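Trainee: Let me begin by handing over the structure; questions about it come next.
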Amino acid sequence: MSYTESQWVPPPLPDHMKEETNQRSHHGSVWSPPPLPKHMKDENRNQNAFSFLRKLCVFEWLCASVPQKALGDFNIQIQGDDKFIRNTQKALQLIKQHSPAHYEMVEQHIGRIQQHEKSGMAAFWDTPTFLVGRKTSNSSTHWYASCIVHDAHHSKLFHDTLQKFGYVPKEAWTGKTAEMACLDIQESFLKTSKAPKRHLSSIDKARTYDYWSDYKARNW
């Protein structure tokens, strides 16, 4: 026999089931089961409690298993993969911890630190951005932090000149004179943060050649 769902009527109950059903409590047309004996109530309550605690433990374990990304409290955007973000946060924290003055300059003159093919300071962008190559971001935390300070000073030179004159000649923030000034600032941070001596030696070496002259040739 064909029928729609709204037309279907359940078959009648056998007599013995009718009697049993009539003895049970009802709420309108909704059947309510009879009360459980006391020993079954206690057992059921214990099972429910155990089930809840087990689910809670599993939930807490799952939460603990998910890698948590430290956000930090820096007013600087950080863009890149997870490793880049972690390394950048460590470098910023090192600056903030060891030299509040350098950190203030960084926060004031760098709005974004962004993973890139090679390093350089885009001070002229609407959001001044330090583009960072993999070799730099994967270096020691002290060296990476000092590079952030170095390029923050490039941005400072750019914006100080812009504010003072309304335009910025290239030599005001790039070229040999600007690089020497930025190396001085970088060195001062390395000394303040008690960085390894090899980093100070790298600054001395950088002063001996024009590493800044060919951006395309950079490998850091």
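Every chain in the structure tokens takes a letter, A first, then B, and so on in the order presented; its residues are numbered from 1, and the ligands are numbered from 1 following the presented order.
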Tell me, counting only C-alpha atoms, for each residue of segment 104-192 of chain A within 9 Å of segment 80-83 of chain A, which pair of atoms is nearest and how far apart they are in Å to one decimal, in rows ordered by chain and increasing number, as CSV.
Mentor:
```
residue,atom,partner,partner_atom,distance
A:Ile113,CA,A:Gly80,CA,8.6
A:Gln114,CA,A:Gly80,CA,6.1
A:Gln115,CA,A:Gly80,CA,5.0
A:His116,CA,A:Gly80,CA,8.2
A:Ser137,CA,A:Lys83,CA,9.0
A:Asn138,CA,A:Lys83,CA,8.7
```
Trainee: Do a neighbour search on His154 of chain A at 12 Å with only C-alpha atoms, toss out local chain neighbours closer than 5 positions, and write the hits as a PyMOL selection string.
Mentor: chain A and resi 105-106+109-110+120-124+128-130+147-149+159-161+170-186
Trainee: Measure the distance from atom CA of Thr136 of chain A to atom CA of Leu162 of chain A in Å and round it to one decimal.
Mentor: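 Distance reported for this atom pair: 28.4 Å.
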Trainee: Would you mind listing what lies within 7 Å of segment 187-190 of chain A as a list in words, with only C-alpha atoms counted and same-chain residues fewer than 6 positions away left out?
Mentor: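 Surrounding residues, per the criterion: Ser146, Leu200 and Ile203 of chain A.
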Trainee: Restrict the selected residues to C-alpha atoms and save them as a PDB file, in the first residue's frame.
Mentor:
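The result, written out as result33.pdb:
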```pdb
ATOM      1  CA  SER A 146      70.528  44.228  15.258  1.00  0.00           C
ATOM      2  CA  LEU A 200      80.874  43.007  16.429  1.00  0.00           C
ATOM      3  CA  ILE A 203      80.164  45.109  11.798  1.00  0.00           C
TER       4      ILE A 203
END
```
Trainee: Pull the strand (DSSP E or B) assignments for segment 63-131 of chain A out of DSSP run on the backbone, and list those residues as a list in words.
Mentor: Gln77, Ile78, Gln79, Arg112, Ile113, Gln114, Gln115, Gly120, Met121, Ala122, Thr129, Phe130 and Leu131 of chain A
Trainee: Quick check, in Å to one decimal: how far apart do atom CA of Thr88 of chain A and atom CA of Asp210 of chain A lie?
Mentor: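 Going from atom CA of Thr88 of chain A over to atom CA of Asp210 of chain A, I get 26.4 Å.
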